[in-house]
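**Q** Sharing a structure, written as structure tokens. Questions coming.
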Amino acid sequence: MTVRKADNLLRGDRTPAYVDRETGAAELLISPDTWDQWVKEGRLPRPCDTFPSGTPRWRWEDVDRKLADKKGSAPVDPMQWAASFGKKKGKRIEAP
């Protein structure tokens with residue numbers, strides 16, 4: 001007879017490499033409905049296409065990367081950010 005090991009023996013205190021929406025949402029302290037909305041809005045990546053459609057899974061590394069760096073650019077230098085604080089972006093139209 002095969003005995004299933006408890007999940008906590010396999011993962012310990014780490015986030016699994018692939019998460020379902022409930023586990024991912026719990027890790028981010030959001031609801032599964034918010035998780036779905038963020039996927040729809042593009043804040044989170046789409047689920048991996050290697051899993052069957054009935055059991056979608058997200059690679060946690062992709063979720064973490066998407067949340068950490070939305071644009072895929074280098075981290076913002078705090079001094080550069082401070083120097084531009086309060087300045088409006090875009091072109092100004094000068095009065096005639």
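Ordering of the structure tokens sets the chain letters (A, B, ...); residue numbers start at 1 within each chain; ligands are numbered from 1 in the order shown.
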If we count only C-alpha atoms, what is near Pro47 (chain A) at a cut-off of 7 Å, once residues fewer than 2 positions away on the same chain are taken out, given as a list in words?
**A**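 So, after excluding close chain neighbours, the residues are Pro45, Asp49, Pro56, Arg57 and Trp58 of chain A.
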**Q** Using only C-alpha atoms, which residues sit within 10 Å of region 24-37 of chain A once same-chain residues fewer than 4 positions away are excluded, as a list in words?
**A**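 Here the qualifying residues turn out to be Thr15, Pro16, Tyr18, Val19, Asp20, Glu41, Gly42, Arg43, Leu44, Arg46, Arg57, Trp58, Arg59, Trp60, Val63 and Asp64 of chain A.
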**Q** Using CA of Lys66 (chain A) and CA of Cys48 (chain A) as the two end points, give the distance in Å to one decimal.
**A**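 The value is 14.0 Å.
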**Q** With only C-alpha atoms as the basis for distance, which of A:Asp69, A:Lys40, A:Thr50, A:Thr55 is at the shortest distance from Glu22 (chain A)?
**A**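 Closest to Glu22 (chain A), using only C-alpha atoms: A:Thr55.
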